[in-house]
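One file, work-v4.pdb, is given below (PDB, C-alpha atoms).
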ATOM      1  CA  MET D  29      93.967  84.187 117.363  1.00  0.00           C
ATOM      2  CA  GLU D  30      91.618  82.190 115.140  1.00  0.00           C
ATOM      3  CA  VAL D  31      93.036  80.926 111.848  1.00  0.00           C
ATOM      4  CA  LEU D  32      91.373  82.512 108.850  1.00  0.00           C
ATOM      5  CA  THR D  33      89.704  80.468 106.142  1.00  0.00           C
ATOM      6  CA  ARG D  34      90.570  82.272 102.947  1.00  0.00           C
ATOM      7  CA  ASP D  35      87.223  81.608 101.229  1.00  0.00           C
ATOM      8  CA  ILE D  36      84.526  83.506 103.118  1.00  0.00           C
ATOM      9  CA  THR D  37      80.779  83.437 102.525  1.00  0.00           C
ATOM     10  CA  THR D  38      78.793  86.012 104.484  1.00  0.00           C
ATOM     11  CA  GLU D  39      76.065  88.608 104.338  1.00  0.00           C
ATOM     12  CA  LEU D  40      77.738  90.613 107.103  1.00  0.00           C
ATOM     13  CA  PRO D  41      80.225  93.423 106.436  1.00  0.00           C
ATOM     14  CA  ILE D  42      83.968  92.938 106.548  1.00  0.00           C
ATOM     15  CA  GLY D  43      85.906  95.358 108.744  1.00  0.00           C
ATOM     16  CA  VAL D  44      89.041  96.894 107.238  1.00  0.00           C
ATOM     17  CA  ILE D  45      91.589  98.675 109.436  1.00  0.00           C
ATOM     18  CA  SER D  46      95.146  99.840 108.893  1.00  0.00           C
ATOM     19  CA  ASP D  47      97.996 101.822 110.373  1.00  0.00           C
ATOM     20  CA  THR D  48      97.108 101.454 114.039  1.00  0.00           C
ATOM     21  CA  HIS D  49     100.765 102.111 114.947  1.00  0.00           C
ATOM     22  CA  GLY D  50     100.404 100.612 118.415  1.00  0.00           C
ATOM     23  CA  LEU D  51      97.082 102.329 119.205  1.00  0.00           C
ATOM     24  CA  LEU D  52      93.759 100.512 119.051  1.00  0.00           C
ATOM     25  CA  ARG D  53      91.105 103.095 119.823  1.00  0.00           C
ATOM     26  CA  PRO D  54      87.923 102.013 121.669  1.00  0.00           C
ATOM     27  CA  GLU D  55      85.914 103.809 118.961  1.00  0.00           C
ATOM     28  CA  ALA D  56      87.455 101.515 116.335  1.00  0.00           C
ATOM     29  CA  LEU D  57      86.421  98.439 118.304  1.00  0.00           C
ATOM     30  CA  THR D  58      82.869  99.736 118.557  1.00  0.00           C
ATOM     31  CA  MET D  59      82.690 100.398 114.824  1.00  0.00           C
ATOM     32  CA  LEU D  60      84.007  96.900 113.996  1.00  0.00           C
ATOM     33  CA  GLU D  61      81.422  95.082 116.106  1.00  0.00           C
ATOM     34  CA  GLY D  62      79.181  92.840 114.008  1.00  0.00           C
ATOM     35  CA  CYS D  63      81.722  92.247 111.239  1.00  0.00           C
ATOM     36  CA  GLU D  64      82.192  88.712 109.936  1.00  0.00           C
ATOM     37  CA  LEU D  65      85.914  89.210 109.423  1.00  0.00           C
ATOM     38  CA  ILE D  66      88.468  91.933 110.156  1.00  0.00           C
ATOM     39  CA  LEU D  67      91.319  92.682 107.757  1.00  0.00           C
ATOM     40  CA  HIS D  68      94.327  94.603 109.105  1.00  0.00           C
ATOM     41  CA  LEU D  69      96.366  96.082 106.266  1.00  0.00           C
ATOM     42  CA  GLY D  70      99.651  96.537 108.097  1.00  0.00           C
ATOM     43  CA  ASP D  71     101.549  98.810 110.440  1.00  0.00           C
ATOM     44  CA  VAL D  72      99.988  97.162 113.461  1.00  0.00           C
ATOM     45  CA  GLY D  73     102.874  98.381 115.604  1.00  0.00           C
ATOM     46  CA  SER D  74     106.595  97.966 116.211  1.00  0.00           C
ATOM     47  CA  ARG D  75     106.658  96.920 119.883  1.00  0.00           C
ATOM     48  CA  ASP D  76     106.338  93.438 121.364  1.00  0.00           C
ATOM     49  CA  GLU D  77     103.092  94.383 123.108  1.00  0.00           C
ATOM     50  CA  ASP D  78     101.493  95.554 119.839  1.00  0.00           C
ATOM     51  CA  ALA D  79     100.661  91.936 118.972  1.00  0.00           C
ATOM     52  CA  ALA D  80      97.808  92.416 121.444  1.00  0.00           C
ATOM     53  CA  ILE D  81      96.077  94.641 118.869  1.00  0.00           C
ATOM     54  CA  LEU D  82      95.457  91.671 116.591  1.00  0.00           C
ATOM     55  CA  GLU D  83      94.455  89.542 119.564  1.00  0.00           C
ATOM     56  CA  ARG D  84      91.916  92.153 120.688  1.00  0.00           C
ATOM     57  CA  LEU D  85      90.483  92.441 117.165  1.00  0.00           C
ATOM     58  CA  ALA D  86      90.181  88.637 117.071  1.00  0.00           C
ATOM     59  CA  GLU D  87      87.830  88.831 120.052  1.00  0.00           C
ATOM     60  CA  LEU D  88      85.339  90.520 117.681  1.00  0.00           C
ATOM     61  CA  ALA D  89      85.821  88.361 114.556  1.00  0.00           C
ATOM     62  CA  PRO D  90      88.450  86.278 112.772  1.00  0.00           C
ATOM     63  CA  VAL D  91      91.396  88.443 111.681  1.00  0.00           C
ATOM     64  CA  ALA D  92      93.636  88.369 108.628  1.00  0.00           C
ATOM     65  CA  ALA D  93      96.600  90.738 108.563  1.00  0.00           C
ATOM     66  CA  VAL D  94      99.550  91.641 106.371  1.00  0.00           C
ATOM     67  CA  ARG D  95     102.864  93.037 107.544  1.00  0.00           C
ATOM     68  CA  GLY D  96     103.577  96.729 107.189  1.00  0.00           C
ATOM     69  CA  ASN D  97     106.906  98.539 107.079  1.00  0.00           C
ATOM     70  CA  ILE D  98     106.882  99.324 110.830  1.00  0.00           C
ATOM     71  CA  ASP D  99     105.878  95.785 111.852  1.00  0.00           C
ATOM     72  CA  THR D 100     109.411  94.835 112.919  1.00  0.00           C
ATOM     73  CA  ALA D 101     108.897  93.025 116.241  1.00  0.00           C
ATOM     74  CA  PRO D 102     109.544  89.257 116.217  1.00  0.00           C
ATOM     75  CA  TRP D 103     105.798  88.412 116.359  1.00  0.00           C
ATOM     76  CA  ALA D 104     105.244  90.302 113.083  1.00  0.00           C
ATOM     77  CA  GLU D 105     107.563  88.003 111.115  1.00  0.00           C
ATOM     78  CA  ALA D 106     104.654  85.536 110.921  1.00  0.00           C
ATOM     79  CA  LEU D 107     102.537  88.076 109.030  1.00  0.00           C
ATOM     80  CA  PRO D 108     102.640  87.701 105.221  1.00  0.00           C
ATOM     81  CA  LEU D 109     103.526  90.657 103.011  1.00  0.00           C
ATOM     82  CA  THR D 110     100.478  89.952 100.853  1.00  0.00           C
ATOM     83  CA  LEU D 111      97.361  87.860 101.290  1.00  0.00           C
ATOM     84  CA  ASP D 112      94.525  86.825  99.005  1.00  0.00           C
ATOM     85  CA  VAL D 113      91.016  86.364 100.392  1.00  0.00           C
ATOM     86  CA  THR D 114      87.878  85.398  98.463  1.00  0.00           C
ATOM     87  CA  LEU D 115      84.728  87.015  99.820  1.00  0.00           C
ATOM     88  CA  ASN D 116      81.462  85.720  98.341  1.00  0.00           C
ATOM     89  CA  GLY D 117      83.367  85.020  95.125  1.00  0.00           C
ATOM     90  CA  TRP D 118      85.055  88.431  95.006  1.00  0.00           C
ATOM     91  CA  ARG D 119      88.866  88.232  95.037  1.00  0.00           C
ATOM     92  CA  LEU D 120      90.566  90.616  97.474  1.00  0.00           C
ATOM     93  CA  HIS D 121      94.326  91.186  97.468  1.00  0.00           C
ATOM     94  CA  LEU D 122      95.796  92.614 100.674  1.00  0.00           C
ATOM     95  CA  VAL D 123      99.093  94.523 100.678  1.00  0.00           C
ATOM     96  CA  HIS D 124     100.374  97.305 102.914  1.00  0.00           C
ATOM     97  CA  ILE D 125     102.077  99.505 100.308  1.00  0.00           C
ATOM     98  CA  LEU D 126     100.110  99.897  97.056  1.00  0.00           C
ATOM     99  CA  GLN D 127     103.308 100.339  95.028  1.00  0.00           C
ATOM    100  CA  GLU D 128     104.216  96.752  95.963  1.00  0.00           C
ATOM    101  CA  PHE D 129     101.063  95.423  94.256  1.00  0.00           C
ATOM    102  CA  ASP D 130     101.812  93.370  91.141  1.00  0.00           C
ATOM    103  CA  PRO D 131      99.213  94.410  88.515  1.00  0.00           C
ATOM    104  CA  ALA D 132      99.320  90.862  87.104  1.00  0.00           C
ATOM    105  CA  THR D 133      97.728  89.582  90.342  1.00  0.00           C
ATOM    106  CA  PRO D 134      94.235  88.274  89.567  1.00  0.00           C
ATOM    107  CA  CYS D 135      91.882  90.172  91.869  1.00  0.00           C
ATOM    108  CA  ASP D 136      88.807  92.365  91.978  1.00  0.00           C
ATOM    109  CA  ALA D 137      90.056  94.660  94.738  1.00  0.00           C
ATOM    110  CA  VAL D 138      93.373  95.794  96.139  1.00  0.00           C
ATOM    111  CA  LEU D 139      93.148  96.626  99.823  1.00  0.00           C
ATOM    112  CA  HIS D 140      96.093  98.658 101.056  1.00  0.00           C
ATOM    113  CA  GLY D 141      97.217 101.016 103.796  1.00  0.00           C
ATOM    114  CA  HIS D 142     100.459 102.941 104.377  1.00  0.00           C
ATOM    115  CA  SER D 143      99.505 106.418 103.128  1.00  0.00           C
ATOM    116  CA  HIS D 144      97.012 107.078 105.954  1.00  0.00           C
ATOM    117  CA  LYS D 145      94.762 108.584 103.238  1.00  0.00           C
ATOM    118  CA  PRO D 146      91.327 106.994 102.851  1.00  0.00           C
ATOM    119  CA  ARG D 147      90.601 105.824  99.305  1.00  0.00           C
ATOM    120  CA  HIS D 148      87.643 104.153  97.618  1.00  0.00           C
ATOM    121  CA  GLU D 149      87.896 104.234  93.846  1.00  0.00           C
ATOM    122  CA  TRP D 150      87.689 101.963  90.847  1.00  0.00           C
ATOM    123  CA  GLN D 151      90.731 102.055  88.604  1.00  0.00           C
ATOM    124  CA  GLY D 152      91.740  99.684  85.815  1.00  0.00           C
ATOM    125  CA  GLY D 153      89.045  97.176  86.747  1.00  0.00           C
ATOM    126  CA  HIS D 154      90.121  97.024  90.403  1.00  0.00           C
ATOM    127  CA  LEU D 155      88.604  98.577  93.484  1.00  0.00           C
ATOM    128  CA  LEU D 156      91.434 100.393  95.260  1.00  0.00           C
ATOM    129  CA  PHE D 157      90.454 100.582  98.911  1.00  0.00           C
ATOM    130  CA  ASN D 158      92.474 102.168 101.696  1.00  0.00           C
ATOM    131  CA  PRO D 159      90.630 102.499 105.010  1.00  0.00           C
ATOM    132  CA  GLY D 160      92.977 105.276 106.088  1.00  0.00           C
ATOM    133  CA  ALA D 161      94.623 105.190 109.508  1.00  0.00           C
ATOM    134  CA  ALA D 162      92.835 104.214 112.711  1.00  0.00           C
ATOM    135  CA  GLY D 163      95.759 104.787 115.071  1.00  0.00           C
ATOM    136  CA  LYS D 164      97.870 107.829 115.768  1.00  0.00           C
ATOM    137  CA  ARG D 165      96.965 110.971 113.828  1.00  0.00           C
ATOM    138  CA  ARG D 166      99.373 111.920 111.071  1.00  0.00           C
ATOM    139  CA  PHE D 167      99.447 115.512 109.908  1.00  0.00           C
ATOM    140  CA  ARG D 168      95.831 116.684 109.508  1.00  0.00           C
ATOM    141  CA  LEU D 169      94.540 113.408 108.081  1.00  0.00           C
ATOM    142  CA  PRO D 170      91.315 111.979 109.508  1.00  0.00           C
ATOM    143  CA  ILE D 171      91.150 108.925 111.787  1.00  0.00           C
ATOM    144  CA  THR D 172      89.214 106.322 109.790  1.00  0.00           C
ATOM    145  CA  LEU D 173      88.577 102.665 109.098  1.00  0.00           C
ATOM    146  CA  GLY D 174      86.490 100.901 106.474  1.00  0.00           C
ATOM    147  CA  LYS D 175      83.828  98.313 105.830  1.00  0.00           C
ATOM    148  CA  LEU D 176      83.264  96.196 102.739  1.00  0.00           C
ATOM    149  CA  TRP D 177      80.202  94.369 101.445  1.00  0.00           C
ATOM    150  CA  ALA D 178      80.344  91.842  98.616  1.00  0.00           C
ATOM    151  CA  ASP D 179      77.311  90.208  97.062  1.00  0.00           C
ATOM    152  CA  GLU D 180      75.398  89.806  93.798  1.00  0.00           C
ATOM    153  CA  ARG D 181      74.939  93.602  93.673  1.00  0.00           C
ATOM    154  CA  GLY D 182      78.667  94.174  93.627  1.00  0.00           C
ATOM    155  CA  LEU D 183      81.642  95.008  95.781  1.00  0.00           C
ATOM    156  CA  ARG D 184      81.035  98.106  97.872  1.00  0.00           C
ATOM    157  CA  GLY D 185      82.956  99.878 100.565  1.00  0.00           C
ATOM    158  CA  ALA D 186      82.559 102.708 103.036  1.00  0.00           C
ATOM    159  CA  ILE D 187      85.105 104.884 104.800  1.00  0.00           C
ATOM    160  CA  LEU D 188      84.025 105.524 108.396  1.00  0.00           C
ATOM    161  CA  HIS D 189      85.345 108.433 110.440  1.00  0.00           C
ATOM    162  CA  LEU D 190      85.956 107.551 114.073  1.00  0.00           C
ATOM    163  CA  PRO D 191      83.959 109.727 116.463  1.00  0.00           C
ATOM    164  CA  LEU D 192      86.801 110.797 118.730  1.00  0.00           C
ATOM    165  CA  CYS D 193      85.900 112.244 122.088  1.00  0.00           C
TER
END

Kindly present the structure from the file in structure tokens form.
Amino acid sequence: MEVLTRDITTELPIGVISDTHGLLRPEALTMLEGCELILHLGDVGSRDEDAAILERLAELAPVAAVRGNIDTAPWAEALPLTLDVTLNGWRLHLVHILQEFDPATPCDAVLHGHSHKPRHEWQGGHLLFNPGAAGKRRFRLPITLGKLWADERGLRGAILHLPLC
């Protein structure tokens, strides 16, 4: 897997995915094509073979990932609990569980997963962005991922519903 440079300059979108739980859907791969970078916000999977999810995503673009609460296999110990990425000057803070975000952290956006509920809202000067869950369905929640754009016009995101066959 390619090592991520934490300061990114791009005009292309950034793919944001979370809560795959050992399942990387072909539809998710299709929707992430053409992204400059892919951010995985935790709960990749708990099995040894789930490391392949990050490797497969890295075939599309460089990947940065944080560890989620189910990421317990030995390979996942290398994943940080939080990560800061600067995208075209916009400061993104990645964490799996939003409640573990320290509000004193200097950032423009908090990208999180865990709840499986898509979220795109500004609150207290931060964009709170949860792409939802792209893996196994939980309850009646949708299967989604996200994309982010950051430029002189602002920091914008979109929640994308996977077209499941």

Within 7 Å of Leu190 of chain D using all atoms listed in the file, minus same-chain residues under 4 positions, as a list in words:
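So, after excluding close chain neighbours, the residues are Glu55, Ala56, Ile171 and Thr172 of chain D.
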
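For the pair atom CA of Leu107 of chain D and atom CA of Asp179 of chain D, the separation is 28.0 Å.
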
Can you pull out every residue within 8 Å of Val138 of chain D, counting all atoms listed in the file, but drop anything in the same chain fewer than 3 positions away, and send it as a ChimeraX atom specification?
/D:120-123,126,129,135,154-157

List as a list in words the residues having at least one atom at most 8 Å from position (88.0, 98.4, 110.4) as given in the file, counting all atoms listed in the file.
Ile42, Gly43, Val44, Ile45, Ser46, Ala56, Met59, Leu60, Ile66, Leu67, His68, Pro159, Ala162, Leu173, Gly174 and Lys175 of chain D

Evaluating the PyMOL selection byres ((chain D and resi 88) around 12) on the displayed file yields which residues, as a ChimeraX atom specification?
/D:29-30,42-43,56-67,81-87,89-91

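Near Trp177 of chain D, within 8 Å and counting all atoms listed in the file, sit Glu39, Leu40, Pro41, Ile42, Gly182, Leu183, Arg184 and Gly185 of chain D, not including residues fewer than 5 positions from it in the same chain.
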
Target residues per the PyMOL selection byres ((chain D and resi 163) around 8), formatted as number ranges by chain:
D: 46-53, 161-162, 164-165, 171

Can you spell out as number ranges by chain the set of residues that the PyMOL selection byres ((chain D and resi 74) around 9) selects in the structure I just provided?
D: 49-50, 71-73, 75-79, 98-101, 104

Tell me, in Å to one decimal, how far atom CA of Thr37 of chain D is from atom CA of Glu180 of chain D.
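So the answer is 12.1 Å.
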
Tell me, in Å to one decimal, how far atom CA of Arg34 of chain D is from atom CA of Ala80 of chain D.
22.3 Å

Using all atoms listed in the file, can you tell me which of D:Asn116, D:His142, D:Thr110, D:His124 comes closest to Leu176 of chain D?
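For Leu176 of chain D, the nearest of the candidates is D:Asn116.
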
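Proximity ranking of D:Leu109, D:Leu115, D:Ile125, D:Ala186 relative to Ser143 of chain D places D:Ile125 first, based on only C-alpha atoms.
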